[in-house]
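Have a look at query09.pdb below; it lists PDB, C-alpha atoms.
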ATOM      1  CA  ALA A   1      -3.293  -7.322 -17.330  1.00  0.00           C
ATOM      2  CA  ALA A   2      -6.289  -7.484 -15.031  1.00  0.00           C
ATOM      3  CA  GLY A   3      -6.119  -5.312 -11.953  1.00  0.00           C
ATOM      4  CA  VAL A   4      -7.942  -5.037  -8.647  1.00  0.00           C
ATOM      5  CA  ILE A   5     -11.408  -3.574  -9.119  1.00  0.00           C
ATOM      6  CA  GLN A   6     -13.069  -1.444  -6.482  1.00  0.00           C
ATOM      7  CA  SER A   7     -16.580  -0.085  -6.457  1.00  0.00           C
ATOM      8  CA  PRO A   8     -17.853   2.455  -6.128  1.00  0.00           C
ATOM      9  CA  ARG A   9     -15.007   4.807  -6.924  1.00  0.00           C
ATOM     10  CA  HIS A  10     -16.662   7.691  -5.107  1.00  0.00           C
ATOM     11  CA  LEU A  11     -19.231   7.635  -2.331  1.00  0.00           C
ATOM     12  CA  ILE A  12     -20.890  10.439  -0.414  1.00  0.00           C
ATOM     13  CA  LYS A  13     -22.772   9.650   2.786  1.00  0.00           C
ATOM     14  CA  GLU A  14     -24.285  11.514   5.692  1.00  0.00           C
ATOM     15  CA  LYS A  15     -23.207  11.027   9.285  1.00  0.00           C
ATOM     16  CA  ARG A  16     -24.691   7.946  10.935  1.00  0.00           C
ATOM     17  CA  GLU A  17     -25.399   6.319   7.566  1.00  0.00           C
ATOM     18  CA  THR A  18     -23.946   3.015   6.390  1.00  0.00           C
ATOM     19  CA  ALA A  19     -21.692   2.279   3.439  1.00  0.00           C
ATOM     20  CA  THR A  20     -20.543  -0.857   1.647  1.00  0.00           C
ATOM     21  CA  LEU A  21     -17.331  -0.930  -0.349  1.00  0.00           C
ATOM     22  CA  LYS A  22     -16.609  -3.763  -2.726  1.00  0.00           C
ATOM     23  CA  CYS A  23     -13.328  -5.244  -3.918  1.00  0.00           C
ATOM     24  CA  TYR A  24     -12.707  -7.722  -6.719  1.00  0.00           C
ATOM     25  CA  PRO A  25      -9.149  -9.124  -6.571  1.00  0.00           C
ATOM     26  CA  ILE A  26      -6.921  -9.952  -9.481  1.00  0.00           C
ATOM     27  CA  PRO A  27      -7.927 -13.376 -10.901  1.00  0.00           C
ATOM     28  CA  ARG A  28      -6.335 -16.272  -8.967  1.00  0.00           C
ATOM     29  CA  HIS A  29      -5.456 -13.986  -6.057  1.00  0.00           C
ATOM     30  CA  ASP A  30      -7.008 -15.433  -2.909  1.00  0.00           C
ATOM     31  CA  THR A  31      -5.872 -12.885  -0.353  1.00  0.00           C
ATOM     32  CA  VAL A  32      -7.455  -9.468   0.082  1.00  0.00           C
ATOM     33  CA  TYR A  33      -6.318  -6.526   2.201  1.00  0.00           C
ATOM     34  CA  TRP A  34      -8.109  -3.307   3.149  1.00  0.00           C
ATOM     35  CA  TYR A  35      -6.316  -0.034   3.904  1.00  0.00           C
ATOM     36  CA  GLN A  36      -7.567   3.412   4.886  1.00  0.00           C
ATOM     37  CA  GLN A  37      -5.707   6.542   3.786  1.00  0.00           C
ATOM     38  CA  GLY A  38      -6.801   9.806   5.402  1.00  0.00           C
ATOM     39  CA  PRO A  39      -6.007  13.166   3.812  1.00  0.00           C
ATOM     40  CA  GLY A  40      -2.257  13.756   3.752  1.00  0.00           C
ATOM     41  CA  GLN A  41      -1.558  10.485   5.542  1.00  0.00           C
ATOM     42  CA  ASP A  42      -0.026   7.141   4.722  1.00  0.00           C
ATOM     43  CA  PRO A  43      -2.264   4.095   4.253  1.00  0.00           C
ATOM     44  CA  GLN A  44      -3.238   2.294   7.439  1.00  0.00           C
ATOM     45  CA  PHE A  45      -3.970  -1.424   7.425  1.00  0.00           C
ATOM     46  CA  LEU A  46      -7.502  -2.386   8.426  1.00  0.00           C
ATOM     47  CA  ILE A  47      -8.005  -6.093   7.828  1.00  0.00           C
ATOM     48  CA  SER A  48      -7.079  -8.981   5.538  1.00  0.00           C
ATOM     49  CA  PHE A  49      -8.615 -12.250   4.411  1.00  0.00           C
ATOM     50  CA  TYR A  50      -7.102 -15.459   3.074  1.00  0.00           C
ATOM     51  CA  GLU A  51      -9.323 -18.147   1.614  1.00  0.00           C
ATOM     52  CA  LYS A  52     -12.411 -16.451   3.085  1.00  0.00           C
ATOM     53  CA  MET A  53     -10.984 -16.415   6.614  1.00  0.00           C
ATOM     54  CA  GLN A  54      -9.764 -13.324   8.426  1.00  0.00           C
ATOM     55  CA  SER A  55      -5.979 -13.549   8.456  1.00  0.00           C
ATOM     56  CA  ASP A  56      -4.878 -10.323  10.100  1.00  0.00           C
ATOM     57  CA  LYS A  57      -6.508  -7.374  11.798  1.00  0.00           C
ATOM     58  CA  GLY A  58      -5.272  -3.838  12.193  1.00  0.00           C
ATOM     59  CA  SER A  59      -6.819  -0.618  13.375  1.00  0.00           C
ATOM     60  CA  ILE A  60     -10.313  -1.332  12.143  1.00  0.00           C
ATOM     61  CA  PRO A  61     -13.098   0.331  14.168  1.00  0.00           C
ATOM     62  CA  ASP A  62     -15.757  -1.894  15.702  1.00  0.00           C
ATOM     63  CA  ARG A  63     -18.287  -0.063  13.487  1.00  0.00           C
ATOM     64  CA  PHE A  64     -16.634  -1.644  10.450  1.00  0.00           C
ATOM     65  CA  SER A  65     -16.896  -5.254   9.392  1.00  0.00           C
ATOM     66  CA  ALA A  66     -15.635  -7.119   6.378  1.00  0.00           C
ATOM     67  CA  GLN A  67     -15.822 -10.494   4.752  1.00  0.00           C
ATOM     68  CA  GLN A  68     -14.519 -12.419   1.787  1.00  0.00           C
ATOM     69  CA  PHE A  69     -16.878 -14.438  -0.339  1.00  0.00           C
ATOM     70  CA  SER A  70     -16.532 -17.752  -2.181  1.00  0.00           C
ATOM     71  CA  ASP A  71     -15.532 -15.969  -5.402  1.00  0.00           C
ATOM     72  CA  TYR A  72     -12.810 -14.174  -3.370  1.00  0.00           C
ATOM     73  CA  HIS A  73     -14.343 -10.745  -3.679  1.00  0.00           C
ATOM     74  CA  SER A  74     -14.538  -8.807  -0.451  1.00  0.00           C
ATOM     75  CA  GLU A  75     -16.848  -6.224   1.053  1.00  0.00           C
ATOM     76  CA  LEU A  76     -16.120  -3.650   3.729  1.00  0.00           C
ATOM     77  CA  ASN A  77     -19.234  -2.621   5.631  1.00  0.00           C
ATOM     78  CA  MET A  78     -19.139   0.636   7.538  1.00  0.00           C
ATOM     79  CA  SER A  79     -21.917   1.688   9.903  1.00  0.00           C
ATOM     80  CA  SER A  80     -22.674   4.788  11.980  1.00  0.00           C
ATOM     81  CA  LEU A  81     -20.399   6.796   9.726  1.00  0.00           C
ATOM     82  CA  GLU A  82     -18.452   9.655  11.277  1.00  0.00           C
ATOM     83  CA  LEU A  83     -16.831  12.676   9.680  1.00  0.00           C
ATOM     84  CA  GLY A  84     -13.436  11.142  10.466  1.00  0.00           C
ATOM     85  CA  ASP A  85     -14.226   8.153   8.265  1.00  0.00           C
ATOM     86  CA  SER A  86     -13.785  10.360   5.205  1.00  0.00           C
ATOM     87  CA  ALA A  87     -10.797   8.826   3.459  1.00  0.00           C
ATOM     88  CA  LEU A  88      -9.543   6.853   0.505  1.00  0.00           C
ATOM     89  CA  TYR A  89     -10.120   3.152   1.035  1.00  0.00           C
ATOM     90  CA  PHE A  90      -7.810   0.803  -0.815  1.00  0.00           C
ATOM     91  CA  CYS A  91      -8.187  -2.846  -1.470  1.00  0.00           C
ATOM     92  CA  ALA A  92      -5.148  -4.909  -2.427  1.00  0.00           C
ATOM     93  CA  SER A  93      -4.756  -8.526  -3.420  1.00  0.00           C
ATOM     94  CA  SER A  94      -1.971 -11.093  -3.543  1.00  0.00           C
ATOM     95  CA  ILE A  95      -1.177 -14.780  -3.717  1.00  0.00           C
ATOM     96  CA  PRO A  96       0.580 -15.578  -0.432  1.00  0.00           C
ATOM     97  CA  GLY A  97       3.783 -17.510  -0.051  1.00  0.00           C
ATOM     98  CA  GLN A  98       4.807 -17.585  -3.685  1.00  0.00           C
ATOM     99  CA  GLY A  99       7.809 -15.302  -3.857  1.00  0.00           C
ATOM    100  CA  LEU A 100       7.149 -12.252  -5.950  1.00  0.00           C
ATOM    101  CA  SER A 101       3.526 -13.271  -6.215  1.00  0.00           C
ATOM    102  CA  ASP A 102       2.866 -12.354  -2.598  1.00  0.00           C
ATOM    103  CA  THR A 103       3.391  -8.724  -3.396  1.00  0.00           C
ATOM    104  CA  GLN A 104       0.264  -6.682  -2.725  1.00  0.00           C
ATOM    105  CA  TYR A 105      -1.282  -5.039  -5.756  1.00  0.00           C
ATOM    106  CA  PHE A 106      -3.584  -2.155  -5.040  1.00  0.00           C
ATOM    107  CA  GLY A 107      -6.873  -1.161  -6.571  1.00  0.00           C
ATOM    108  CA  PRO A 108      -7.693   2.434  -7.527  1.00  0.00           C
ATOM    109  CA  GLY A 109      -9.419   3.090  -4.199  1.00  0.00           C
ATOM    110  CA  THR A 110     -12.865   4.249  -3.123  1.00  0.00           C
ATOM    111  CA  ARG A 111     -13.063   7.853  -1.998  1.00  0.00           C
ATOM    112  CA  LEU A 112     -15.580   8.098   0.829  1.00  0.00           C
ATOM    113  CA  THR A 113     -16.843  11.501   1.894  1.00  0.00           C
ATOM    114  CA  VAL A 114     -18.976  11.757   5.020  1.00  0.00           C
ATOM    115  CA  LEU A 115     -20.988  14.976   5.348  1.00  0.00           C
TER     116      LEU A 115
ATOM    117  CA  ALA B 116       6.122  -2.994  16.557  1.00  0.00           C
ATOM    118  CA  GLN B 117       7.779  -2.221  13.284  1.00  0.00           C
ATOM    119  CA  THR B 118       8.179   1.389  12.246  1.00  0.00           C
ATOM    120  CA  VAL B 119       9.141   2.944   8.933  1.00  0.00           C
ATOM    121  CA  THR B 120      10.660   6.409   8.752  1.00  0.00           C
ATOM    122  CA  GLN B 121      10.966   8.646   5.731  1.00  0.00           C
ATOM    123  CA  SER B 122      12.810  11.766   6.842  1.00  0.00           C
ATOM    124  CA  GLN B 123      12.401  13.731   3.614  1.00  0.00           C
ATOM    125  CA  PRO B 124       8.874  15.142   3.300  1.00  0.00           C
ATOM    126  CA  GLU B 125       9.705  16.674  -0.092  1.00  0.00           C
ATOM    127  CA  MET B 126      12.432  16.285  -2.679  1.00  0.00           C
ATOM    128  CA  SER B 127      13.035  17.955  -6.010  1.00  0.00           C
ATOM    129  CA  VAL B 128      15.033  16.753  -9.009  1.00  0.00           C
ATOM    130  CA  GLN B 129      15.646  18.083 -12.471  1.00  0.00           C
ATOM    131  CA  GLU B 130      14.577  16.066 -15.447  1.00  0.00           C
ATOM    132  CA  ALA B 131      17.233  13.514 -16.504  1.00  0.00           C
ATOM    133  CA  GLU B 132      19.035  13.809 -13.160  1.00  0.00           C
ATOM    134  CA  THR B 133      19.306  11.229 -10.377  1.00  0.00           C
ATOM    135  CA  VAL B 134      17.630  11.431  -6.994  1.00  0.00           C
ATOM    136  CA  THR B 135      17.747   9.245  -3.891  1.00  0.00           C
ATOM    137  CA  LEU B 136      14.873   8.897  -1.446  1.00  0.00           C
ATOM    138  CA  SER B 137      15.684   7.716   2.067  1.00  0.00           C
ATOM    139  CA  CYS B 138      13.915   5.162   4.232  1.00  0.00           C
ATOM    140  CA  THR B 139      14.861   3.582   7.519  1.00  0.00           C
ATOM    141  CA  TYR B 140      12.953   0.969   9.458  1.00  0.00           C
ATOM    142  CA  ASP B 141      13.009  -0.631  12.851  1.00  0.00           C
ATOM    143  CA  THR B 142      12.415  -4.333  13.382  1.00  0.00           C
ATOM    144  CA  SER B 143      13.672  -7.228  15.452  1.00  0.00           C
ATOM    145  CA  GLU B 144      12.740  -9.763  12.795  1.00  0.00           C
ATOM    146  CA  SER B 145      15.098 -11.402  10.346  1.00  0.00           C
ATOM    147  CA  ASP B 146      12.509 -12.373   7.736  1.00  0.00           C
ATOM    148  CA  TYR B 147      10.815  -9.428   6.079  1.00  0.00           C
ATOM    149  CA  TYR B 148      10.203  -7.626   2.824  1.00  0.00           C
ATOM    150  CA  LEU B 149      10.592  -4.011   1.841  1.00  0.00           C
ATOM    151  CA  PHE B 150       8.766  -2.120  -0.869  1.00  0.00           C
ATOM    152  CA  TRP B 151       8.601   1.230  -2.549  1.00  0.00           C
ATOM    153  CA  TYR B 152       5.188   2.321  -3.786  1.00  0.00           C
ATOM    154  CA  LYS B 153       4.466   5.368  -5.909  1.00  0.00           C
ATOM    155  CA  GLN B 154       1.263   7.379  -5.544  1.00  0.00           C
ATOM    156  CA  PRO B 155       0.754   9.908  -8.365  1.00  0.00           C
ATOM    157  CA  PRO B 156      -1.952  12.590  -8.263  1.00  0.00           C
ATOM    158  CA  SER B 157      -4.485   9.952  -9.345  1.00  0.00           C
ATOM    159  CA  ARG B 158      -3.930   8.443  -5.845  1.00  0.00           C
ATOM    160  CA  GLN B 159      -3.382   4.973  -7.331  1.00  0.00           C
ATOM    161  CA  MET B 160      -0.781   2.977  -5.339  1.00  0.00           C
ATOM    162  CA  ILE B 161       1.738   1.562  -7.802  1.00  0.00           C
ATOM    163  CA  LEU B 162       4.459  -0.913  -6.862  1.00  0.00           C
ATOM    164  CA  VAL B 163       7.878   0.401  -7.844  1.00  0.00           C
ATOM    165  CA  ILE B 164      10.282  -2.167  -6.443  1.00  0.00           C
ATOM    166  CA  ARG B 165      10.581  -4.922  -3.854  1.00  0.00           C
ATOM    167  CA  GLN B 166      13.435  -6.344  -1.763  1.00  0.00           C
ATOM    168  CA  GLU B 167      13.593  -9.542   0.265  1.00  0.00           C
ATOM    169  CA  ALA B 168      15.636  -9.166   3.452  1.00  0.00           C
ATOM    170  CA  TYR B 169      17.478 -12.434   2.911  1.00  0.00           C
ATOM    171  CA  LYS B 170      18.842 -11.280  -0.437  1.00  0.00           C
ATOM    172  CA  GLN B 171      22.060  -9.303  -0.303  1.00  0.00           C
ATOM    173  CA  GLN B 172      21.797  -8.175  -3.898  1.00  0.00           C
ATOM    174  CA  ASN B 173      20.050  -4.845  -4.324  1.00  0.00           C
ATOM    175  CA  ALA B 174      16.861  -4.960  -6.382  1.00  0.00           C
ATOM    176  CA  THR B 175      16.752  -3.111  -9.689  1.00  0.00           C
ATOM    177  CA  GLU B 176      13.818  -2.322 -11.933  1.00  0.00           C
ATOM    178  CA  ASN B 177      14.770  -0.327 -15.019  1.00  0.00           C
ATOM    179  CA  ARG B 178      15.584   3.237 -13.823  1.00  0.00           C
ATOM    180  CA  PHE B 179      14.755   2.367 -10.220  1.00  0.00           C
ATOM    181  CA  SER B 180      17.206   0.701  -7.850  1.00  0.00           C
ATOM    182  CA  VAL B 181      17.560   0.337  -4.122  1.00  0.00           C
ATOM    183  CA  ASN B 182      20.436   0.499  -1.676  1.00  0.00           C
ATOM    184  CA  PHE B 183      19.547  -2.047   0.979  1.00  0.00           C
ATOM    185  CA  GLN B 184      21.744  -1.877   4.068  1.00  0.00           C
ATOM    186  CA  LYS B 185      20.359  -4.551   6.379  1.00  0.00           C
ATOM    187  CA  ALA B 186      22.652  -3.880   9.339  1.00  0.00           C
ATOM    188  CA  ALA B 187      21.827  -0.173   9.210  1.00  0.00           C
ATOM    189  CA  LYS B 188      18.136  -0.919   8.533  1.00  0.00           C
ATOM    190  CA  SER B 189      18.201   1.422   5.599  1.00  0.00           C
ATOM    191  CA  PHE B 190      16.367   1.050   2.283  1.00  0.00           C
ATOM    192  CA  SER B 191      16.854   3.975  -0.077  1.00  0.00           C
ATOM    193  CA  LEU B 192      15.402   4.326  -3.569  1.00  0.00           C
ATOM    194  CA  LYS B 193      17.465   5.735  -6.420  1.00  0.00           C
ATOM    195  CA  ILE B 194      15.712   7.061  -9.489  1.00  0.00           C
ATOM    196  CA  SER B 195      17.984   7.567 -12.475  1.00  0.00           C
ATOM    197  CA  ASP B 196      17.243   9.694 -15.548  1.00  0.00           C
ATOM    198  CA  SER B 197      14.249  11.250 -13.798  1.00  0.00           C
ATOM    199  CA  GLN B 198      11.183  11.883 -15.922  1.00  0.00           C
ATOM    200  CA  LEU B 199       8.229  14.211 -15.456  1.00  0.00           C
ATOM    201  CA  GLY B 200       6.046  11.162 -14.922  1.00  0.00           C
ATOM    202  CA  ASP B 201       8.079  10.232 -11.850  1.00  0.00           C
ATOM    203  CA  ALA B 202       6.541  13.131  -9.943  1.00  0.00           C
ATOM    204  CA  ALA B 203       4.504  11.547  -7.166  1.00  0.00           C
ATOM    205  CA  MET B 204       4.383  10.672  -3.490  1.00  0.00           C
ATOM    206  CA  TYR B 205       6.688   7.765  -2.750  1.00  0.00           C
ATOM    207  CA  PHE B 206       5.981   5.472   0.174  1.00  0.00           C
ATOM    208  CA  CYS B 207       8.426   3.031   1.707  1.00  0.00           C
ATOM    209  CA  ALA B 208       6.695  -0.018   3.187  1.00  0.00           C
ATOM    210  CA  TYR B 209       7.633  -2.965   5.393  1.00  0.00           C
ATOM    211  CA  ARG B 210       6.031  -6.383   5.589  1.00  0.00           C
ATOM    212  CA  SER B 211       6.949  -9.029   8.129  1.00  0.00           C
ATOM    213  CA  GLY B 212       7.597 -12.523   6.844  1.00  0.00           C
ATOM    214  CA  THR B 213       4.949 -13.783   9.265  1.00  0.00           C
ATOM    215  CA  ALA B 214       2.213 -11.198   8.863  1.00  0.00           C
ATOM    216  CA  SER B 215       0.279  -9.883   5.925  1.00  0.00           C
ATOM    217  CA  LYS B 216      -0.038  -6.178   6.582  1.00  0.00           C
ATOM    218  CA  LEU B 217       2.112  -3.464   5.081  1.00  0.00           C
ATOM    219  CA  THR B 218       3.434  -0.741   7.369  1.00  0.00           C
ATOM    220  CA  PHE B 219       4.065   2.471   5.464  1.00  0.00           C
ATOM    221  CA  GLY B 220       6.292   5.439   6.063  1.00  0.00           C
ATOM    222  CA  THR B 221       4.870   8.947   5.901  1.00  0.00           C
ATOM    223  CA  GLY B 222       5.950   9.411   2.310  1.00  0.00           C
ATOM    224  CA  THR B 223       8.250  11.675   0.293  1.00  0.00           C
ATOM    225  CA  ARG B 224       6.741  13.983  -2.291  1.00  0.00           C
ATOM    226  CA  LEU B 225       8.987  14.104  -5.354  1.00  0.00           C
ATOM    227  CA  GLN B 226       8.853  17.035  -7.738  1.00  0.00           C
ATOM    228  CA  VAL B 227      10.478  16.803 -11.153  1.00  0.00           C
ATOM    229  CA  THR B 228      11.410  20.088 -12.781  1.00  0.00           C
ATOM    230  CA  LEU B 229      12.418  20.939 -16.337  1.00  0.00           C
TER     231      LEU B 229
END
Give the structure from this file in structure tokens form.
Amino acid sequence: AAGVIQSPRHLIKEKRETATLKCYPIPRHDTVYWYQQGPGQDPQFLISFYEKMQSDKGSIPDRFSAQQFSDYHSELNMSSLELGDSALYFCASSIPGQGLSDTQYFGPGTRLTVL
Amino acid sequence: AQTVTQSQPEMSVQEAETVTLSCTYDTSESDYYLFWYKQPPSRQMILVIRQEAYKQQNATENRFSVNFQKAAKSFSLKISDSQLGDAAMYFCAYRSGTASKLTFGTGTRLQVTL
């Protein structure tokens, strides 16, 4: 079965640089979620989109922005990168409001390292 | 705000034995969902099992089952016939019926020994 695709899988950036993470949801999934997992920590919710509109917002820094496009893929843009942004960034997708289908399925993650 | 607590940072089980991972949560809502996710060394987040709060029957998925005690706000995961491949970090997660985000516990690292 098709899964959530994230690219790139690994990314190394310098401080103050920018980064763009991409997420391609499971086909027919129209909701996308972004999570950040620091070393040794649990995933923290950043932001979600439903039908290209922001649906929920968590602890996302103002330096980060995200959007969902017409084909439902999503991009997380991160500017003025800091050392503390080094983490595993997960994207998840779901179909909302359809019983078991609204379960969030996670992609493999993008490991961002800021030097 | 909802909180999820996993009080066991690490657990160990012998192969073929049974182990139970604990999770408690705090919420004032009546409509919510609970999940267990597994994160092996690959760091992939894999759904193990899901429970709707309005269902009294405990969810079961092959060797994995839950003990959902709504009044006690407890949601433990039982793994039967443990296998080496079960070794991973296990996260308990809560989702409100009216919001999209998952709130995770701090995780329990499960070791499976021969």
message: Show me the residues around (-3.8, 11.8, 2.0) - criterion: an atom at most 10 Å away, all atoms listed in the file counted - as a ChimeraX atom specification.
response: /A:36-43,87-88 /B:158,204,221
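The coordinates place CA of Val119 in chain B at 9.8 Å from CA of Lys188 in chain B.
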Go ahead and fit an axis-aligned box to every listed atom of range 167-186 of chain B plus 8 Å each side, and pass me the centre and edge lengths in Å, one decimal, as JSON.
{"center_x": 18.1, "center_y": -4.6, "center_z": -2.8, "size_x": 25.1, "size_y": 31.7, "size_z": 40.4}
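Near (20.2, 7.4, -4.3), the residues inside the 12 Å limit, counting all atoms listed in the file, come to B:Met126, B:Val128, B:Glu132, B:Thr133, B:Val134, B:Thr135, B:Leu136, B:Ser137, B:Cys138, B:Arg178, B:Phe179, B:Ser180, B:Val181, B:Asn182, B:Phe183, B:Ser189, B:Phe190, B:Ser191, B:Leu192, B:Lys193, B:Ile194, B:Ser195, B:Asp196, B:Ser197.
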Residue hits in chain A, query chain B, radius 10 Å, only C-alpha atoms, as an NGL selection string: :A and (31-35 or 37 or 40-50 or 55-58 or 88 or 90 or 92 or 94 or 96-97 or 99-100 or 102-109 or 111)
Please write the residues from the selection above to a file, keeping C-alpha atoms, as a PDB file, in the frame of the given file.
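Okay, this is what ended up in out_6.pdb:
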ATOM      1  CA  THR A  31      -5.872 -12.885  -0.353  1.00  0.00           C
ATOM      2  CA  VAL A  32      -7.455  -9.468   0.082  1.00  0.00           C
ATOM      3  CA  TYR A  33      -6.318  -6.526   2.201  1.00  0.00           C
ATOM      4  CA  TRP A  34      -8.109  -3.307   3.149  1.00  0.00           C
ATOM      5  CA  TYR A  35      -6.316  -0.034   3.904  1.00  0.00           C
ATOM      6  CA  GLN A  37      -5.707   6.542   3.786  1.00  0.00           C
ATOM      7  CA  GLY A  40      -2.257  13.756   3.752  1.00  0.00           C
ATOM      8  CA  GLN A  41      -1.558  10.485   5.542  1.00  0.00           C
ATOM      9  CA  ASP A  42      -0.026   7.141   4.722  1.00  0.00           C
ATOM     10  CA  PRO A  43      -2.264   4.095   4.253  1.00  0.00           C
ATOM     11  CA  GLN A  44      -3.238   2.294   7.439  1.00  0.00           C
ATOM     12  CA  PHE A  45      -3.970  -1.424   7.425  1.00  0.00           C
ATOM     13  CA  LEU A  46      -7.502  -2.386   8.426  1.00  0.00           C
ATOM     14  CA  ILE A  47      -8.005  -6.093   7.828  1.00  0.00           C
ATOM     15  CA  SER A  48      -7.079  -8.981   5.538  1.00  0.00           C
ATOM     16  CA  PHE A  49      -8.615 -12.250   4.411  1.00  0.00           C
ATOM     17  CA  TYR A  50      -7.102 -15.459   3.074  1.00  0.00           C
ATOM     18  CA  SER A  55      -5.979 -13.549   8.456  1.00  0.00           C
ATOM     19  CA  ASP A  56      -4.878 -10.323  10.100  1.00  0.00           C
ATOM     20  CA  LYS A  57      -6.508  -7.374  11.798  1.00  0.00           C
ATOM     21  CA  GLY A  58      -5.272  -3.838  12.193  1.00  0.00           C
ATOM     22  CA  LEU A  88      -9.543   6.853   0.505  1.00  0.00           C
ATOM     23  CA  PHE A  90      -7.810   0.803  -0.815  1.00  0.00           C
ATOM     24  CA  ALA A  92      -5.148  -4.909  -2.427  1.00  0.00           C
ATOM     25  CA  SER A  94      -1.971 -11.093  -3.543  1.00  0.00           C
ATOM     26  CA  PRO A  96       0.580 -15.578  -0.432  1.00  0.00           C
ATOM     27  CA  GLY A  97       3.783 -17.510  -0.051  1.00  0.00           C
ATOM     28  CA  GLY A  99       7.809 -15.302  -3.857  1.00  0.00           C
ATOM     29  CA  LEU A 100       7.149 -12.252  -5.950  1.00  0.00           C
ATOM     30  CA  ASP A 102       2.866 -12.354  -2.598  1.00  0.00           C
ATOM     31  CA  THR A 103       3.391  -8.724  -3.396  1.00  0.00           C
ATOM     32  CA  GLN A 104       0.264  -6.682  -2.725  1.00  0.00           C
ATOM     33  CA  TYR A 105      -1.282  -5.039  -5.756  1.00  0.00           C
ATOM     34  CA  PHE A 106      -3.584  -2.155  -5.040  1.00  0.00           C
ATOM     35  CA  GLY A 107      -6.873  -1.161  -6.571  1.00  0.00           C
ATOM     36  CA  PRO A 108      -7.693   2.434  -7.527  1.00  0.00           C
ATOM     37  CA  GLY A 109      -9.419   3.090  -4.199  1.00  0.00           C
ATOM     38  CA  ARG A 111     -13.063   7.853  -1.998  1.00  0.00           C
TER      39      ARG A 111
END
- request: Determine the residue set returned by the PyMOL selection byres ((chain B and resi 144) around 10) for the present structure, and present it as JSON, numbers by chain.
  value: {"B": [117, 141, 142, 143, 145, 146, 147, 168, 211, 212, 213]}
- prompt: Which distance in Å separates CA of Ala203 in chain B and CA of Thr120 in chain B, to one decimal?
  reply: 17.8 Å
For range 3-13 of chain A, find every residue with an atom within 9 Å (counting only C-alpha atoms), except residues of its own chain fewer than 3 positions away, and show them as a CSV table (one decimal) with C-alpha atoms, in the frame of the given file.
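What landed in part18.csv:
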chain,number,residue,atom,x,y,z
A,16,ARG,CA,-24.7,7.9,10.9
A,17,GLU,CA,-25.4,6.3,7.6
A,18,THR,CA,-23.9,3.0,6.4
A,19,ALA,CA,-21.7,2.3,3.4
A,20,THR,CA,-20.5,-0.9,1.6
A,21,LEU,CA,-17.3,-0.9,-0.3
A,22,LYS,CA,-16.6,-3.8,-2.7
A,23,CYS,CA,-13.3,-5.2,-3.9
A,24,TYR,CA,-12.7,-7.7,-6.7
A,25,PRO,CA,-9.1,-9.1,-6.6
A,26,ILE,CA,-6.9,-10.0,-9.5
A,27,PRO,CA,-7.9,-13.4,-10.9
A,81,LEU,CA,-20.4,6.8,9.7
A,90,PHE,CA,-7.8,0.8,-0.8
A,91,CYS,CA,-8.2,-2.8,-1.5
A,92,ALA,CA,-5.1,-4.9,-2.4
A,93,SER,CA,-4.8,-8.5,-3.4
A,105,TYR,CA,-1.3,-5.0,-5.8
A,106,PHE,CA,-3.6,-2.2,-5.0
A,107,GLY,CA,-6.9,-1.2,-6.6
A,108,PRO,CA,-7.7,2.4,-7.5
A,109,GLY,CA,-9.4,3.1,-4.2
A,110,THR,CA,-12.9,4.2,-3.1
A,111,ARG,CA,-13.1,7.9,-2.0
A,112,LEU,CA,-15.6,8.1,0.8
A,113,THR,CA,-16.8,11.5,1.9
A,114,VAL,CA,-19.0,11.8,5.0
A,115,LEU,CA,-21.0,15.0,5.3
